[in-house]
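**Student:** Below is query13.json; it holds JSON, N, CA and C atoms.
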```
[["chain", "number", "residue", "atom", "x", "y", "z"],
["Y", 29, "MET", "N", 3.50, -47.48, -7.69],
["Y", 29, "MET", "CA", 2.39, -46.78, -7.05],
["Y", 29, "MET", "C", 2.91, -45.63, -6.18],
["Y", 30, "VAL", "N", 3.91, -45.92, -5.35],
["Y", 30, "VAL", "CA", 4.47, -44.88, -4.48],
["Y", 30, "VAL", "C", 5.16, -43.81, -5.33],
["Y", 31, "THR", "N", 5.83, -44.22, -6.39],
["Y", 31, "THR", "CA", 6.52, -43.28, -7.26],
["Y", 31, "THR", "C", 5.52, -42.34, -7.93],
["Y", 32, "THR", "N", 4.40, -42.88, -8.39],
["Y", 32, "THR", "CA", 3.38, -42.06, -9.02],
["Y", 32, "THR", "C", 2.79, -41.07, -8.02],
["Y", 33, "LEU", "N", 2.54, -41.52, -6.81],
["Y", 33, "LEU", "CA", 2.01, -40.64, -5.76],
["Y", 33, "LEU", "C", 3.00, -39.54, -5.44],
["Y", 34, "MET", "N", 4.28, -39.87, -5.33],
["Y", 34, "MET", "CA", 5.30, -38.87, -5.04],
["Y", 34, "MET", "C", 5.43, -37.86, -6.19],
["Y", 35, "GLN", "N", 5.30, -38.33, -7.42],
["Y", 35, "GLN", "CA", 5.36, -37.43, -8.57],
["Y", 35, "GLN", "C", 4.19, -36.46, -8.55],
["Y", 36, "LYS", "N", 3.00, -36.96, -8.24],
["Y", 36, "LYS", "CA", 1.82, -36.09, -8.17],
["Y", 36, "LYS", "C", 1.99, -35.05, -7.07],
["Y", 37, "LEU", "N", 2.47, -35.46, -5.91],
["Y", 37, "LEU", "CA", 2.68, -34.52, -4.81],
["Y", 37, "LEU", "C", 3.74, -33.48, -5.17],
["Y", 38, "PHE", "N", 4.80, -33.92, -5.86],
["Y", 38, "PHE", "CA", 5.85, -32.99, -6.28],
["Y", 38, "PHE", "C", 5.31, -31.95, -7.26],
["Y", 39, "VAL", "N", 4.50, -32.40, -8.22],
["Y", 39, "VAL", "CA", 3.93, -31.48, -9.21],
["Y", 39, "VAL", "C", 3.01, -30.47, -8.53],
["Y", 40, "LYS", "N", 2.17, -30.93, -7.60],
["Y", 40, "LYS", "CA", 1.28, -30.01, -6.90],
["Y", 40, "LYS", "C", 2.06, -29.01, -6.05],
["Y", 41, "ALA", "N", 3.08, -29.50, -5.37],
["Y", 41, "ALA", "CA", 3.87, -28.62, -4.50],
["Y", 41, "ALA", "C", 4.63, -27.60, -5.33],
["Y", 42, "SER", "N", 5.24, -28.04, -6.44],
["Y", 42, "SER", "CA", 6.01, -27.10, -7.26],
["Y", 42, "SER", "C", 5.10, -26.07, -7.92],
["Y", 43, "PHE", "N", 3.88, -26.47, -8.30],
["Y", 43, "PHE", "CA", 2.94, -25.50, -8.88],
["Y", 43, "PHE", "C", 2.54, -24.46, -7.84],
["Y", 44, "SER", "N", 2.29, -24.91, -6.62],
["Y", 44, "SER", "CA", 1.89, -23.98, -5.56],
["Y", 44, "SER", "C", 2.99, -22.98, -5.25],
["Y", 45, "LEU", "N", 4.23, -23.44, -5.32],
["Y", 45, "LEU", "CA", 5.35, -22.53, -5.03],
["Y", 45, "LEU", "C", 5.57, -21.52, -6.14],
["Y", 46, "ARG", "N", 5.25, -21.87, -7.36],
["Y", 46, "ARG", "CA", 5.43, -20.95, -8.50],
["Y", 46, "ARG", "C", 4.23, -20.05, -8.71],
["Y", 47, "ASN", "N", 3.12, -20.33, -8.09],
["Y", 47, "ASN", "CA", 1.90, -19.55, -8.28],
["Y", 47, "ASN", "C", 2.05, -18.21, -7.56],
["Y", 48, "GLU", "N", 1.97, -17.11, -8.32],
["Y", 48, "GLU", "CA", 2.14, -15.77, -7.75],
["Y", 48, "GLU", "C", 0.89, -14.92, -7.93],
["Y", 49, "LYS", "N", -0.27, -15.53, -7.91],
["Y", 49, "LYS", "CA", -1.51, -14.77, -8.14],
["Y", 49, "LYS", "C", -1.73, -13.67, -7.11],
["Y", 50, "GLY", "N", -1.51, -13.94, -5.85],
["Y", 50, "GLY", "CA", -1.80, -12.95, -4.82],
["Y", 50, "GLY", "C", -0.63, -12.08, -4.45],
["Y", 51, "ALA", "N", 0.53, -12.30, -5.05],
["Y", 51, "ALA", "CA", 1.73, -11.55, -4.66],
["Y", 51, "ALA", "C", 1.59, -10.05, -4.93],
["Y", 52, "GLN", "N", 1.04, -9.68, -6.06],
["Y", 52, "GLN", "CA", 0.90, -8.26, -6.39],
["Y", 52, "GLN", "C", -0.11, -7.59, -5.46],
["Y", 53, "SER", "N", -1.17, -8.28, -5.11],
["Y", 53, "SER", "CA", -2.14, -7.70, -4.18],
["Y", 53, "SER", "C", -1.52, -7.45, -2.83],
["Y", 54, "ILE", "N", -0.72, -8.40, -2.37],
["Y", 54, "ILE", "CA", -0.06, -8.23, -1.08],
["Y", 54, "ILE", "C", 0.92, -7.06, -1.13],
["Y", 55, "GLU", "N", 1.60, -6.88, -2.23],
["Y", 55, "GLU", "CA", 2.52, -5.74, -2.36],
["Y", 55, "GLU", "C", 1.77, -4.42, -2.29],
["Y", 56, "TRP", "N", 0.63, -4.32, -2.95],
["Y", 56, "TRP", "CA", -0.16, -3.08, -2.91],
["Y", 56, "TRP", "C", -0.70, -2.82, -1.51],
["Y", 57, "ILE", "N", -1.13, -3.88, -0.83],
["Y", 57, "ILE", "CA", -1.63, -3.73, 0.54],
["Y", 57, "ILE", "C", -0.51, -3.26, 1.46],
["Y", 58, "ALA", "N", 0.67, -3.82, 1.29],
["Y", 58, "ALA", "CA", 1.82, -3.41, 2.11],
["Y", 58, "ALA", "C", 2.19, -1.95, 1.83],
["Y", 59, "LEU", "N", 2.15, -1.55, 0.57],
["Y", 59, "LEU", "CA", 2.45, -0.16, 0.21],
["Y", 59, "LEU", "C", 1.42, 0.79, 0.84],
["Y", 60, "ALA", "N", 0.15, 0.41, 0.77],
["Y", 60, "ALA", "CA", -0.90, 1.24, 1.38],
["Y", 60, "ALA", "C", -0.71, 1.34, 2.89],
["Y", 61, "ALA", "N", -0.31, 0.25, 3.52],
["Y", 61, "ALA", "CA", -0.08, 0.28, 4.97],
["Y", 61, "ALA", "C", 1.08, 1.21, 5.32],
["Y", 62, "VAL", "N", 2.12, 1.20, 4.52],
["Y", 62, "VAL", "CA", 3.26, 2.09, 4.77],
["Y", 62, "VAL", "C", 2.84, 3.55, 4.60],
["Y", 63, "VAL", "N", 2.09, 3.83, 3.55],
["Y", 63, "VAL", "CA", 1.62, 5.21, 3.31],
["Y", 63, "VAL", "C", 0.73, 5.67, 4.46],
["Y", 64, "LEU", "N", -0.17, 4.81, 4.90],
["Y", 64, "LEU", "CA", -1.04, 5.18, 6.03],
["Y", 64, "LEU", "C", -0.25, 5.40, 7.30],
["Y", 65, "ALA", "N", 0.77, 4.59, 7.53],
["Y", 65, "ALA", "CA", 1.61, 4.75, 8.72],
["Y", 65, "ALA", "C", 2.35, 6.09, 8.68],
["Y", 66, "VAL", "N", 2.88, 6.43, 7.52],
["Y", 66, "VAL", "CA", 3.59, 7.72, 7.39],
["Y", 66, "VAL", "C", 2.64, 8.88, 7.58],
["Y", 67, "LEU", "N", 1.46, 8.81, 6.96],
["Y", 67, "LEU", "CA", 0.48, 9.89, 7.13],
["Y", 67, "LEU", "C", 0.02, 10.00, 8.58],
["Y", 68, "GLY", "N", -0.15, 8.88, 9.23],
["Y", 68, "GLY", "CA", -0.52, 8.90, 10.65],
["Y", 68, "GLY", "C", 0.54, 9.53, 11.51],
["Y", 69, "ALA", "N", 1.81, 9.21, 11.22],
["Y", 69, "ALA", "CA", 2.91, 9.81, 11.98],
["Y", 69, "ALA", "C", 2.99, 11.31, 11.75],
["Y", 70, "VAL", "N", 2.81, 11.73, 10.52],
["Y", 70, "VAL", "CA", 2.84, 13.17, 10.21],
["Y", 70, "VAL", "C", 1.67, 13.88, 10.88],
["Y", 71, "ALA", "N", 0.49, 13.28, 10.82],
["Y", 71, "ALA", "CA", -0.69, 13.90, 11.45],
["Y", 71, "ALA", "C", -0.51, 14.00, 12.97],
["Y", 72, "THR", "N", 0.05, 12.98, 13.57],
["Y", 72, "THR", "CA", 0.30, 13.02, 15.01],
["Y", 72, "THR", "C", 1.32, 14.09, 15.37],
["Y", 73, "PHE", "N", 2.34, 14.21, 14.55],
["Y", 73, "PHE", "CA", 3.38, 15.20, 14.81],
["Y", 73, "PHE", "C", 2.83, 16.62, 14.71],
["Y", 74, "PHE", "N", 2.01, 16.88, 13.69],
["Y", 74, "PHE", "CA", 1.51, 18.24, 13.47],
["Y", 74, "PHE", "C", 0.23, 18.54, 14.24],
["Y", 75, "SER", "N", -0.38, 17.56, 14.88],
["Y", 75, "SER", "CA", -1.62, 17.83, 15.60],
["Y", 75, "SER", "C", -1.38, 18.70, 16.84],
["Y", 76, "LYS", "N", -0.17, 18.67, 17.35],
["Y", 76, "LYS", "CA", 0.15, 19.46, 18.53],
["Y", 76, "LYS", "C", 0.41, 20.93, 18.20],
["Y", 77, "ASP", "N", 0.78, 21.19, 16.95],
["Y", 77, "ASP", "CA", 1.12, 22.55, 16.53],
["Y", 77, "ASP", "C", 0.02, 23.08, 15.62],
["Y", 78, "GLU", "N", -0.86, 23.92, 16.16],
["Y", 78, "GLU", "CA", -1.98, 24.44, 15.39],
["Y", 78, "GLU", "C", -1.54, 25.46, 14.35],
["Y", 79, "ASN", "N", -0.40, 26.10, 14.55],
["Y", 79, "ASN", "CA", 0.08, 27.10, 13.60],
["Y", 79, "ASN", "C", 0.38, 26.49, 12.24],
["Y", 80, "VAL", "N", 0.93, 25.28, 12.24],
["Y", 80, "VAL", "CA", 1.25, 24.61, 10.98],
["Y", 80, "VAL", "C", -0.04, 24.28, 10.24],
["Y", 81, "GLY", "N", -1.03, 23.76, 10.94],
["Y", 81, "GLY", "CA", -2.31, 23.45, 10.32],
["Y", 81, "GLY", "C", -2.99, 24.68, 9.74],
["Y", 82, "ASN", "N", -2.94, 25.77, 10.48],
["Y", 82, "ASN", "CA", -3.53, 27.02, 9.99],
["Y", 82, "ASN", "C", -2.78, 27.54, 8.77],
["Y", 83, "ALA", "N", -1.45, 27.40, 8.77],
["Y", 83, "ALA", "CA", -0.66, 27.88, 7.64],
["Y", 83, "ALA", "C", -0.97, 27.06, 6.39],
["Y", 84, "VAL", "N", -1.06, 25.75, 6.54],
["Y", 84, "VAL", "CA", -1.36, 24.89, 5.39],
["Y", 84, "VAL", "C", -2.77, 25.18, 4.89],
["Y", 85, "SER", "N", -3.71, 25.34, 5.80],
["Y", 85, "SER", "CA", -5.08, 25.63, 5.41],
["Y", 85, "SER", "C", -5.17, 26.97, 4.70],
["Y", 86, "GLY", "N", -4.48, 27.96, 5.19],
["Y", 86, "GLY", "CA", -4.48, 29.28, 4.56],
["Y", 86, "GLY", "C", -3.87, 29.25, 3.17],
["Y", 87, "THR", "N", -2.77, 28.52, 3.04],
["Y", 87, "THR", "CA", -2.10, 28.42, 1.73],
["Y", 87, "THR", "C", -3.01, 27.72, 0.72],
["Y", 88, "LEU", "N", -3.63, 26.64, 1.13],
["Y", 88, "LEU", "CA", -4.55, 25.94, 0.23],
["Y", 88, "LEU", "C", -5.74, 26.82, -0.15],
["Y", 89, "SER", "N", -6.25, 27.56, 0.79],
["Y", 89, "SER", "CA", -7.36, 28.47, 0.49],
["Y", 89, "SER", "C", -6.94, 29.52, -0.52],
["Y", 90, "ASP", "N", -5.74, 30.06, -0.35],
["Y", 90, "ASP", "CA", -5.24, 31.06, -1.31],
["Y", 90, "ASP", "C", -5.07, 30.48, -2.69],
["Y", 91, "VAL", "N", -4.56, 29.28, -2.79],
["Y", 91, "VAL", "CA", -4.36, 28.63, -4.10],
["Y", 91, "VAL", "C", -5.71, 28.39, -4.76],
["Y", 92, "ILE", "N", -6.69, 27.92, -4.00],
["Y", 92, "ILE", "CA", -8.02, 27.67, -4.57],
["Y", 92, "ILE", "C", -8.67, 28.97, -5.03],
["Y", 93, "GLU", "N", -8.56, 30.00, -4.23],
["Y", 93, "GLU", "CA", -9.17, 31.28, -4.59],
["Y", 93, "GLU", "C", -8.52, 31.88, -5.83],
["Y", 94, "GLN", "N", -7.22, 31.75, -6.01],
["Y", 94, "GLN", "CA", -6.52, 32.29, -7.18],
["Y", 94, "GLN", "C", -6.94, 31.57, -8.44],
["Y", 95, "ASP", "N", -7.23, 30.29, -8.36],
["Y", 95, "ASP", "CA", -7.66, 29.52, -9.55],
["Y", 95, "ASP", "C", -9.02, 29.96, -10.04],
["Y", 96, "TYR", "N", -9.88, 30.44, -9.15],
["Y", 96, "TYR", "CA", -11.23, 30.81, -9.55],
["Y", 96, "TYR", "C", -11.39, 32.29, -9.86],
["Y", 97, "ARG", "N", -10.34, 33.05, -9.76],
["Y", 97, "ARG", "CA", -10.44, 34.50, -10.05],
["Y", 97, "ARG", "C", -10.22, 34.78, -11.49]]
```
Hey, can you dump this file as structure tokens for me?

**Tutor:**
Amino acid sequence: MVTTLMQKLFVKASFSLRNEKGAQSIEWIALAAVVLAVLGAVATFFSKDENVGNAVSGTLSDVIEQDYR
């Protein structure tokens, strides 16, 4: 009886340890968190310098206008 119970517990525990259903989701969430952290750091760094923002905005505007001409 005890042996059967221990075998059942072992099978359940080993299945739970091998189950990787949520592992890929956690990896994507971690990757998104890293990307957001990097973007936040870049935005904080460049928020103090308005010249960089204006330069990027101007360059993007020029690229968009050239595509439609």

**Student:** Mind giving me the straight-line distance from atom C of Y:Val70 to atom CA of Y:Val84 in Å, one decimal?

**Tutor:** 12.7 Å

**Student:** Could you work out how far atom CA of Y:Gly81 lies from atom CA of Y:Ala61, giving the answer in Å with one decimal?

**Tutor:**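 Answer for the atom CA of Y:Ala61 to atom CA of Y:Gly81 separation: 23.9 Å.
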
**Student:** To test the calculation: enclose all listed atoms of stretch 32-41 of chain Y in a box whose edges run along x, y and z, add 3 Å on each side, then state centre and edge lengths in Å to one decimal, as AutoDock Vina command-line options.

**Tutor:**
```
--center_x 3.6 --center_y -35.2 --center_z -6.9 --size_x 10.6 --size_y 21.3 --size_z 10.7
```

**Student:** Between atom CA of Y:Gly68 and atom CA of Y:Ala83, what distance in Å does the model show, to one decimal?

**Tutor:**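 Separation between atom CA of Y:Gly68 and atom CA of Y:Ala83: 19.2 Å.
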